[in-house]
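Data from structure-v5.cif: mmCIF, C-alpha atoms and all ligand atoms
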```cif
data_structure
loop_
_atom_site.label_atom_id
_atom_site.label_comp_id
_atom_site.auth_asym_id
_atom_site.auth_seq_id
_atom_site.Cartn_x
_atom_site.Cartn_y
_atom_site.Cartn_z
CA MET X 27 -6.86 69.94 12.64
CA ILE X 28 -3.26 69.77 11.46
CA GLN X 29 -3.11 69.42 7.68
CA ASN X 30 -1.01 66.51 6.40
CA THR X 31 -1.26 64.87 3.07
CA LYS X 32 0.09 61.57 4.36
CA LYS X 33 -1.56 59.73 7.23
CA ARG X 34 0.38 59.96 10.45
CA ILE X 35 1.72 57.15 12.60
CA PHE X 36 3.00 57.49 16.15
CA SER X 37 4.69 54.85 18.26
CA GLY X 38 7.33 54.47 20.93
CA VAL X 39 9.44 52.20 23.07
CA GLN X 40 10.37 52.65 26.71
CA PRO X 41 14.06 53.00 27.51
CA SER X 42 13.90 50.31 30.17
CA GLY X 43 15.45 46.84 30.21
CA ASN X 44 17.08 45.38 27.14
CA LEU X 45 15.22 45.39 23.84
CA HIS X 46 14.55 41.94 22.44
CA VAL X 47 13.44 40.36 19.18
CA GLY X 48 9.81 40.66 20.35
CA ASN X 49 10.10 44.47 20.42
CA PHE X 50 11.78 44.37 17.04
CA LEU X 51 9.35 42.00 15.31
CA GLY X 52 6.17 43.32 16.96
CA ALA X 53 6.91 47.03 16.64
CA ILE X 54 10.09 48.37 15.00
CA LYS X 55 9.99 46.07 11.97
CA GLN X 56 6.48 47.23 11.09
CA TRP X 57 7.42 50.90 11.55
CA VAL X 58 10.22 50.50 9.04
CA GLY X 59 7.85 49.11 6.45
CA MET X 60 5.53 52.12 6.87
CA GLN X 61 8.06 54.94 6.52
CA ASP X 62 7.45 55.83 2.90
CA GLU X 63 3.70 55.70 2.96
CA TYR X 64 3.16 57.51 6.27
CA ASP X 65 4.28 60.56 8.12
CA CYS X 66 6.09 58.88 11.00
CA ILE X 67 6.84 59.98 14.55
CA PHE X 68 8.72 57.61 16.84
CA SER X 69 9.40 58.54 20.42
CA VAL X 70 11.76 57.24 23.08
CA VAL X 71 9.24 57.39 25.89
CA ASP X 72 11.46 58.16 28.86
CA TYR X 73 8.72 59.47 31.16
CA HIS X 74 7.07 56.06 30.93
CA ALA X 75 10.32 54.39 31.97
CA ILE X 76 10.54 56.25 35.31
CA THR X 77 7.28 54.77 36.59
CA VAL X 78 9.18 51.75 37.94
CA LYS X 79 12.45 51.62 39.92
CA TYR X 80 15.39 52.62 37.71
CA ASP X 81 18.93 53.95 37.85
CA PRO X 82 19.24 57.55 36.57
CA LYS X 83 22.74 56.93 35.17
CA VAL X 84 21.55 53.93 33.23
CA LEU X 85 18.45 55.74 31.95
CA ARG X 86 20.46 58.38 30.07
CA LYS X 87 22.45 55.64 28.32
CA LYS X 88 19.28 53.67 27.55
CA ILE X 89 17.65 56.67 25.89
CA ILE X 90 20.54 56.89 23.43
CA GLU X 91 20.58 53.09 23.04
CA ILE X 92 16.89 52.96 22.08
CA ALA X 93 17.32 55.69 19.47
CA LYS X 94 20.32 53.80 18.07
CA ILE X 95 18.25 50.63 17.94
CA TYR X 96 15.53 52.44 15.98
CA ILE X 97 18.10 53.59 13.45
CA ALA X 98 20.02 50.29 13.25
CA GLY X 99 16.64 48.54 12.86
CA GLY X 100 15.93 50.63 9.77
CA VAL X 101 14.14 53.79 10.92
CA ASN X 102 15.47 56.57 8.74
CA PRO X 103 15.83 59.87 10.64
CA GLU X 104 15.59 61.74 7.33
CA LYS X 105 12.10 60.37 6.82
CA ALA X 106 10.78 59.90 10.35
CA ILE X 107 10.86 62.14 13.40
CA ILE X 108 12.72 60.44 16.25
CA PHE X 109 12.53 62.27 19.55
CA GLN X 110 12.70 61.92 23.31
CA GLN X 111 9.28 62.26 24.96
CA SER X 112 10.47 64.46 27.85
CA ASP X 113 11.82 67.00 25.32
CA ALA X 114 8.25 67.89 24.39
CA ARG X 115 6.65 69.23 27.57
CA ALA X 116 3.19 69.19 26.07
CA HIS X 117 3.00 65.41 26.75
CA THR X 118 2.94 65.70 30.55
CA GLU X 119 0.83 68.84 30.54
CA PHE X 120 -1.75 67.24 28.29
CA CYS X 121 -1.62 64.06 30.39
CA TRP X 122 -2.67 66.14 33.40
CA ILE X 123 -5.55 67.64 31.48
CA LEU X 124 -6.71 64.21 30.28
CA ASN X 125 -6.43 62.90 33.86
CA ALA X 126 -8.66 65.68 35.05
CA VAL X 127 -11.27 65.92 32.35
CA SER X 128 -11.46 62.62 30.44
CA ALA X 129 -9.84 59.63 32.19
CA ARG X 130 -11.82 57.76 34.82
CA ILE X 131 -10.63 55.51 37.64
CA SER X 132 -12.88 52.83 36.14
CA ASP X 133 -10.91 53.03 32.84
CA LEU X 134 -7.58 52.54 34.57
CA ASN X 135 -8.84 49.78 36.85
CA LYS X 136 -9.39 47.67 33.73
CA MET X 137 -5.78 47.86 32.51
CA THR X 138 -4.37 44.35 32.54
CA GLN X 139 -0.76 45.45 32.15
CA PHE X 140 -0.99 47.49 35.34
CA LYS X 141 -2.44 44.52 37.18
CA ASP X 142 0.38 42.29 35.91
CA LYS X 143 3.13 44.78 36.69
CA ALA X 144 1.80 45.90 40.05
CA GLY X 145 1.00 42.42 41.30
CA LYS X 146 -1.26 41.72 44.26
CA GLY X 147 -1.59 44.28 47.09
CA ASN X 148 -0.17 46.98 44.85
CA VAL X 149 0.19 49.76 47.45
CA ASN X 150 3.89 50.28 46.85
CA VAL X 151 3.81 50.90 43.11
CA SER X 152 3.93 54.46 41.83
CA VAL X 153 0.91 56.53 40.88
CA GLY X 154 2.74 57.02 37.56
CA LEU X 155 2.58 53.30 36.79
CA TYR X 156 -1.18 53.41 37.29
CA ASP X 157 -1.53 56.55 35.18
CA TYR X 158 0.88 55.38 32.49
CA PRO X 159 -1.86 54.59 29.90
CA VAL X 160 -3.10 58.20 30.11
CA LEU X 161 0.38 59.51 29.30
CA MET X 162 0.43 57.09 26.37
CA ALA X 163 -2.93 58.47 25.22
CA ALA X 164 -1.49 61.98 25.46
CA ASP X 165 1.51 60.90 23.33
CA ILE X 166 -0.79 59.58 20.63
CA LEU X 167 -3.48 62.27 20.58
CA LEU X 168 -1.14 65.27 20.56
CA TYR X 169 0.01 64.40 17.05
CA ASP X 170 -3.33 63.93 15.36
CA THR X 171 -2.29 60.32 14.90
CA ASP X 172 -4.12 58.08 12.43
CA ILE X 173 -2.38 54.79 13.17
CA VAL X 174 -0.50 53.35 16.13
CA PRO X 175 1.64 50.33 15.19
CA VAL X 176 2.32 48.25 18.31
CA GLY X 177 2.58 44.70 19.61
CA ASP X 178 -0.57 43.10 20.89
CA ASP X 179 0.18 43.82 24.58
CA GLN X 180 -0.39 47.54 23.88
CA LEU X 181 -3.79 47.13 22.25
CA GLN X 182 -5.75 47.87 25.41
CA HIS X 183 -3.78 51.09 25.89
CA VAL X 184 -4.48 52.24 22.33
CA GLU X 185 -8.16 51.48 22.91
CA LEU X 186 -8.04 53.71 25.97
CA ALA X 187 -6.54 56.51 23.85
CA ARG X 188 -9.49 56.09 21.47
CA ASP X 189 -11.99 56.19 24.33
CA LEU X 190 -10.42 59.31 25.84
CA ALA X 191 -10.41 61.06 22.47
CA LYS X 192 -14.09 60.22 21.95
CA ARG X 193 -15.00 61.36 25.44
CA PHE X 194 -13.10 64.64 25.04
CA ASN X 195 -14.70 65.25 21.64
CA HIS X 196 -18.13 64.55 23.10
CA ASP X 197 -17.71 66.63 26.27
CA TYR X 198 -16.00 69.62 24.61
CA GLU X 199 -15.38 69.99 20.91
CA GLU X 200 -14.48 67.59 18.11
CA ILE X 201 -10.75 68.22 18.11
CA PHE X 202 -9.27 64.73 18.14
CA LYS X 203 -8.89 62.14 15.45
CA ILE X 204 -9.68 58.65 16.68
CA PRO X 205 -6.45 56.66 16.20
CA GLU X 206 -6.46 53.08 14.91
CA PRO X 207 -4.17 50.43 16.38
CA LYS X 208 -2.10 48.40 13.91
CA ILE X 209 -1.04 44.97 15.04
CA MET X 210 0.99 42.62 12.84
CA LYS X 211 -0.73 39.39 11.82
CA GLN X 212 2.49 37.58 12.63
CA GLY X 213 4.93 38.70 15.34
CA ALA X 214 2.51 40.77 17.44
CA ARG X 215 3.13 38.51 20.40
CA ILE X 216 6.50 36.80 20.41
CA MET X 217 6.53 34.39 23.32
CA SER X 218 9.13 33.74 25.96
CA LEU X 219 11.72 31.08 25.02
CA ASP X 220 11.63 29.33 28.37
CA ASN X 221 7.89 29.58 28.87
CA PRO X 222 5.97 29.88 25.59
CA GLU X 223 2.73 30.50 27.47
CA LYS X 224 4.04 33.97 28.42
CA LYS X 225 5.08 36.83 26.16
CA MET X 226 8.76 37.62 25.70
CA SER X 227 9.44 40.51 28.06
CA LYS X 228 12.26 42.95 28.88
CA SER X 229 11.56 42.52 32.57
CA ALA X 230 11.39 38.71 32.86
CA GLU X 231 13.95 37.47 35.35
CA SER X 232 15.64 34.86 33.21
CA GLU X 233 17.68 36.18 30.31
CA PHE X 234 17.12 32.77 28.69
CA SER X 235 13.53 33.87 28.13
CA ARG X 236 14.50 36.35 25.41
CA ILE X 237 16.93 37.07 22.58
CA GLU X 238 18.20 40.58 23.20
CA LEU X 239 19.09 42.70 20.19
CA LEU X 240 22.53 43.36 21.67
CA ASP X 241 23.21 39.75 22.74
CA GLU X 242 26.44 38.20 21.53
CA SER X 243 25.49 35.79 18.80
CA ALA X 244 27.04 32.78 20.62
CA LEU X 245 24.83 33.46 23.65
CA ALA X 246 21.75 33.95 21.48
CA MET X 247 22.41 30.61 19.75
CA LYS X 248 22.66 28.93 23.15
CA LYS X 249 19.31 30.49 24.13
CA ILE X 250 17.64 29.07 21.02
CA MET X 251 19.10 25.61 21.63
CA LYS X 252 17.78 25.72 25.22
CA ALA X 253 14.32 27.03 24.23
CA THR X 254 11.41 25.01 25.54
CA THR X 255 9.82 22.84 22.87
CA ASP X 256 6.73 20.69 23.01
CA THR X 257 6.07 17.00 23.27
CA GLY X 258 5.91 15.30 19.90
CA ALA X 259 8.52 15.66 17.23
CA GLU X 260 6.89 17.43 14.30
CA VAL X 261 7.94 20.93 13.27
CA LYS X 262 4.37 22.19 12.75
CA PHE X 263 2.65 25.46 13.57
CA ASN X 264 -0.13 25.08 16.12
CA SER X 265 -0.02 27.80 18.74
CA LYS X 266 -2.43 26.02 21.10
CA GLU X 267 -0.96 22.54 21.04
CA LYS X 268 2.63 23.40 20.16
CA PRO X 269 3.27 26.90 21.55
CA GLY X 270 7.05 26.45 21.81
CA ILE X 271 7.67 25.25 18.26
CA SER X 272 5.07 27.69 16.88
CA ASN X 273 6.88 30.60 18.51
CA LEU X 274 10.23 29.45 17.11
CA LEU X 275 8.66 29.04 13.66
CA THR X 276 7.31 32.61 13.88
CA ILE X 277 10.72 34.01 14.80
CA TYR X 278 12.39 31.99 12.02
CA SER X 279 9.80 33.05 9.46
CA LEU X 280 10.07 36.77 10.26
CA LEU X 281 13.85 36.90 10.52
CA ALA X 282 14.50 34.85 7.38
CA ASN X 283 11.48 36.09 5.40
CA ILE X 284 10.25 32.58 4.71
CA ASP X 285 6.58 31.58 4.98
CA ILE X 286 5.75 29.30 7.89
CA LYS X 287 4.15 26.84 5.44
CA ASP X 288 7.45 26.62 3.55
CA LEU X 289 9.38 26.12 6.78
CA GLU X 290 7.02 23.29 7.76
CA LYS X 291 7.74 21.63 4.40
CA LYS X 292 11.48 22.16 4.75
CA TYR X 293 11.52 20.58 8.23
CA SER X 294 9.03 17.81 7.62
CA GLY X 295 10.43 14.62 9.16
CA ILE X 296 13.34 16.51 10.72
CA MET X 297 14.02 16.54 14.47
CA TYR X 298 13.54 19.63 16.69
CA GLY X 299 17.30 19.73 17.37
CA GLU X 300 18.18 20.18 13.68
CA PHE X 301 15.47 22.83 13.26
CA LYS X 302 16.78 24.72 16.30
CA LYS X 303 20.36 24.57 15.00
CA ASP X 304 19.27 26.22 11.76
CA LEU X 305 17.19 28.82 13.60
CA ALA X 306 20.18 29.58 15.85
CA GLU X 307 22.18 30.34 12.65
CA VAL X 308 19.40 32.59 11.34
CA VAL X 309 19.26 34.47 14.64
CA ALA X 310 23.06 34.83 14.76
CA GLU X 311 23.13 36.20 11.23
CA PHE X 312 20.37 38.68 12.03
CA LEU X 313 22.12 39.85 15.21
CA ASN X 314 25.52 40.19 13.54
CA ASP X 315 24.03 42.29 10.77
CA PHE X 316 21.96 44.39 13.20
CA GLN X 317 24.88 44.97 15.56
CA LYS X 318 27.23 45.91 12.72
CA LYS X 319 24.83 48.75 11.88
CA TYR X 320 24.31 49.60 15.56
CA ASN X 321 28.04 49.85 16.26
CA LYS X 322 28.59 52.21 13.36
CA ILE X 323 26.21 54.79 14.86
CA ASP X 324 27.92 57.38 16.96
CA ASP X 325 26.30 58.44 20.28
CA SER X 326 26.81 62.15 19.64
CA GLN X 327 25.20 61.80 16.23
CA VAL X 328 22.18 60.21 17.94
CA ALA X 329 21.95 63.05 20.46
CA GLU X 330 21.80 65.43 17.49
CA ILE X 331 19.10 63.37 15.79
CA LEU X 332 17.02 63.45 19.00
CA ALA X 333 17.49 67.20 19.36
CA ALA X 334 16.50 67.77 15.73
CA GLY X 335 13.51 65.44 16.21
CA ALA X 336 12.35 67.37 19.27
CA LYS X 337 12.48 70.60 17.28
CA LYS X 338 10.06 69.09 14.76
CA ALA X 339 7.81 67.26 17.25
CA GLU X 340 7.41 70.07 19.77
CA PRO X 341 5.56 72.58 17.58
CA ILE X 342 3.08 69.90 16.48
CA ALA X 343 2.37 68.89 20.09
CA GLU X 344 2.27 72.51 21.22
CA GLU X 345 -0.29 73.45 18.59
CA THR X 346 -2.63 70.71 19.79
CA LEU X 347 -2.07 71.64 23.42
CA VAL X 348 -2.97 75.28 22.79
CA LYS X 349 -6.16 74.14 21.07
CA VAL X 350 -6.97 71.92 24.06
CA LYS X 351 -6.30 74.73 26.53
CA ILE X 352 -8.62 77.07 24.68
CA THR X 353 -11.27 74.35 24.46
CA ILE X 354 -11.22 73.55 28.17
CA GLY X 355 -11.35 77.23 29.10
CA VAL X 356 -7.93 77.89 30.66
CA LYS X 357 -6.72 80.03 27.79
P1 LIG Z 1 7.27 48.71 25.35
O1 LIG Z 1 8.49 49.56 25.52
O2 LIG Z 1 6.92 47.76 26.44
O3 LIG Z 1 7.37 47.86 24.02
C1 LIG Z 1 7.71 48.45 22.79
C2 LIG Z 1 6.95 47.78 21.66
O4 LIG Z 1 7.28 46.40 21.58
C3 LIG Z 1 6.07 45.63 21.56
N1 LIG Z 1 6.33 44.34 22.24
C4 LIG Z 1 6.17 43.13 21.66
N2 LIG Z 1 5.78 42.80 20.41
C5 LIG Z 1 5.74 41.46 20.13
N3 LIG Z 1 6.06 40.49 21.02
C6 LIG Z 1 6.46 40.80 22.27
N4 LIG Z 1 6.79 39.85 23.14
C7 LIG Z 1 6.53 42.19 22.64
N5 LIG Z 1 6.87 42.83 23.77
C8 LIG Z 1 6.74 44.15 23.50
C9 LIG Z 1 5.08 46.47 22.33
O5 LIG Z 1 3.74 46.11 22.03
C10 LIG Z 1 5.43 47.87 21.83
O6 LIG Z 1 4.82 48.12 20.58
N6 LIG Z 1 3.56 51.81 26.47
C11 LIG Z 1 4.44 51.40 25.42
C12 LIG Z 1 5.26 52.55 24.86
C13 LIG Z 1 4.48 53.75 24.45
C14 LIG Z 1 3.76 53.92 23.23
C15 LIG Z 1 3.23 55.24 23.27
C16 LIG Z 1 3.54 53.07 22.15
C17 LIG Z 1 4.36 54.92 25.16
N7 LIG Z 1 3.62 55.81 24.45
C18 LIG Z 1 2.46 55.73 22.23
C19 LIG Z 1 2.74 53.60 21.10
C20 LIG Z 1 2.22 54.88 21.15
C21 LIG Z 1 5.39 50.36 25.95
O7 LIG Z 1 5.63 50.28 27.14
O8 LIG Z 1 6.01 49.63 25.00
#
```

Once more with this new file: its structure as structure tokens, please.
Ligand code: TYM
Amino acid sequence: MIQNTKKRIFSGVQPSGNLHVGNFLGAIKQWVGMQDEYDCIFSVVDYHAITVKYDPKVLRKKIIEIAKIYIAGGVNPEKAIIFQQSDARAHTEFCWILNAVSARISDLNKMTQFKDKAGKGNVNVSVGLYDYPVLMAADILLYDTDIVPVGDDQLQHVELARDLAKRFNHDYEEIFKIPEPKIMKQGARIMSLDNPEKKMSKSAESEFSRIELLDESALAMKKIMKATTDTGAEVKFNSKEKPGISNLLTIYSLLANIDIKDLEKKYSGIMYGEFKKDLAEVVAEFLNDFQKKYNKIDDSQVAEILAAGAKKAEPIAEETLVKVKITIGVK
């Protein structure tokens, strides 16, 4: 096993669609808080992004954009490894091995995200979309990962990575650590603004469902003012009975660093409209600050950071892959 003194975390974001506050609050924000305590590896998982229809010219730009968002969001490339998944070939090679020796059709048939994305009568979706959780398991296991900080929609995929590691260890040799998922208590599932029963998503049709990290602040404020609220008039957290207001309270609390209890006190007896106006200001301030940092980062500098990250990530992944190849008898 690779010797580290610090525990290792691995996570990633797909360079598809436009990143939103859900991605930031559920994933990137928690990564940033873990950088000093953990040995961190954050990937831009481009081979996941090609499993659905995409435009190759846009993809290249998105890869750089995601890395810039990591950095503007507070990931420090001097502390954490930031790299592009396709730069480390071990990921796809190991994915093939896991497909062959550890993953079962019955595992993948359980994946709810595949069912949601593929829809009914899913004959026209790619084999890659179906196999996507195995590539994610390969990402995680190659780095001897202890902890995987993600939003709650990725929990089932991390559990699959655990199952595949256990199965491999059982069938061959104990070479994998069993990674633990880490899900934030608050922010792990930011809901859609126009339908608070659904999670905020990059791929939802209506842009009024999400606040994108690169939205102009005036547009983002409009989105908050138009957000679906609940019947009743009290600004109170109750995710079952008041999913709309509860979601807005969560976003407010995390962006402004104020406890939900304190927000409830502050807005006691105050109408939804006033609460939304204040939240719109909080969101605008967050976006302005975030985008100021984002705009200062130069694309060529990011390409260099990714190249340097790949140089550090590749040998770690390669070492695990060699061990796997020896274990399964091909080397
Ligand atoms: P992706 O690109 O869909 O999402 C990136 C991260 O954002 C989180 N997230 C949310 N968190 C809170 N509320 C939401 N509404 C919300 N929507 C998304 C996701 O949970 C995720 O943490 N398969 C992964 C990428 C991946 C990966 C990995 C992650 C590939 N390999 C290895 C960890 C480890 C994905 O598609 O995330």

Cut-off 6 Å, all atoms listed in the file, neighbours of ligand LIG 1 (chain Z) as a short mmCIF file (atom, residue, chain, number, x, y, z; two decimals) with C-alpha atoms, in the coordinates of the input:
```
data_model
loop_
_atom_site.label_atom_id
_atom_site.label_comp_id
_atom_site.auth_asym_id
_atom_site.auth_seq_id
_atom_site.Cartn_x
_atom_site.Cartn_y
_atom_site.Cartn_z
CA PHE X 36 3.00 57.49 16.15
CA SER X 37 4.69 54.85 18.26
CA GLY X 38 7.33 54.47 20.93
CA VAL X 39 9.44 52.20 23.07
CA GLN X 40 10.37 52.65 26.71
CA GLY X 48 9.81 40.66 20.35
CA ASN X 49 10.10 44.47 20.42
CA GLY X 52 6.17 43.32 16.96
CA ALA X 53 6.91 47.03 16.64
CA VAL X 71 9.24 57.39 25.89
CA MET X 162 0.43 57.09 26.37
CA ASP X 165 1.51 60.90 23.33
CA ILE X 166 -0.79 59.58 20.63
CA VAL X 174 -0.50 53.35 16.13
CA VAL X 176 2.32 48.25 18.31
CA GLY X 177 2.58 44.70 19.61
CA ASP X 178 -0.57 43.10 20.89
CA ASP X 179 0.18 43.82 24.58
CA GLN X 180 -0.39 47.54 23.88
CA GLY X 213 4.93 38.70 15.34
CA ALA X 214 2.51 40.77 17.44
CA ARG X 215 3.13 38.51 20.40
CA ILE X 216 6.50 36.80 20.41
CA MET X 217 6.53 34.39 23.32
CA LYS X 225 5.08 36.83 26.16
CA MET X 226 8.76 37.62 25.70
CA SER X 227 9.44 40.51 28.06
#
```

As a short mmCIF file (atom, residue, chain, number, x, y, z; two decimals) with C-alpha atoms, keeping the file's coordinate frame, please: the residues near Glu91 (chain X) (cut-off 8 Å, all atoms listed in the file, same-chain neighbours under 4 positions excluded).
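So selection_24.cif came out as:
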```cif
data_model
loop_
_atom_site.label_atom_id
_atom_site.label_comp_id
_atom_site.auth_asym_id
_atom_site.auth_seq_id
_atom_site.Cartn_x
_atom_site.Cartn_y
_atom_site.Cartn_z
CA PRO X 41 14.06 53.00 27.51
CA LYS X 87 22.45 55.64 28.32
CA ILE X 95 18.25 50.63 17.94
#
```

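Across X:Lys337, X:Lys349, X:Lys248, X:Lys105, the tightest approach to Lys303 (chain X) is made by X:Lys248 when counting only C-alpha atoms.
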
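Of the residues under consideration (X:Pro103, X:Val328, X:Glu300, X:Ser42), X:Ser42 shows the shortest atom-to-atom contact distance to Asp81 (chain X) when counting all atoms listed in the file.
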
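When only C-alpha atoms are used to compute distances to Gly99 (chain X), the closest of the residues X:Lys338, X:His117, X:Arg188, X:His46 turns out to be X:His46.
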
| task | Name the residues in contact with Asn283 (chain X) at a cut-off of 12 Å, using all atoms listed in the file, excluding same-chain residues fewer than 5 positions from it; report them as a list of chain:residue names. | result | X:Leu51, X:Gln212, X:Leu275, X:Thr276, X:Ile277, X:Tyr278, X:Asp288, X:Leu289, X:Val308, X:Phe312

I'd like the contact shell of Ile271 (chain X) - 7 Å cut-off, all atoms listed in the file, skipping same-chain residues fewer than 6 positions apart - returned as a compact mmCIF listing (two decimals) with C-alpha atoms, keeping the file's coordinate frame.
```txt
# COMPACT_ATOMS: atom_id res chain seq x y z
CA THR X 255 9.82 22.84 22.87
CA ASP X 256 6.73 20.69 23.01
CA VAL X 261 7.94 20.93 13.27
CA PHE X 263 2.65 25.46 13.57
```

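Using all atoms listed in the file, the shortest contact distance between Glu104 (chain X) and any of X:Asp65, X:Glu206, X:Glu340, X:Asp189 is found at X:Asp65.
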
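Interatomic distance, CA of Ser265 (chain X) to CA of Glu290 (chain X): 13.8 Å.
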
| query | In Å, with one decimal, what is the gap from CA of Asn102 (chain X) to CA of Ile204 (chain X)? | reply | 26.5 Å

| field | Residue contacts of Met60 (chain X) (12 Å, all atoms listed in the file) excluding same-chain residues fewer than 2 positions away, as a PyMOL selection string | value | chain X and resi 32-37+53-58+62-68+100-102+105-106+173-175+208

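Here CA of Leu134 (chain X) and CA of Val348 (chain X) stand 26.0 Å from one another.
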
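Nearest-residue note for Cys121 (chain X): choosing from X:Lys357, X:Lys94, X:Lys143, X:His74, the minimum distance belongs to X:His74, counting only C-alpha atoms.
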
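Nearest to Asn44 (chain X) of all the residues X:Ile92, X:Lys262, X:Ala114, X:Lys351 is X:Ile92, counting all atoms listed in the file.
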
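Point (-1.3, 47.5, 35.4) has the following residues at most 10 Å away: Leu134, Asn135, Lys136, Met137, Thr138, Gln139, Phe140, Lys141, Asp142, Lys143, Ala144, Gly145, Asn148, Val151, Leu155, Tyr156, Asp157, Tyr158 and Pro159 of chain X (atoms considered: all atoms listed in the file).
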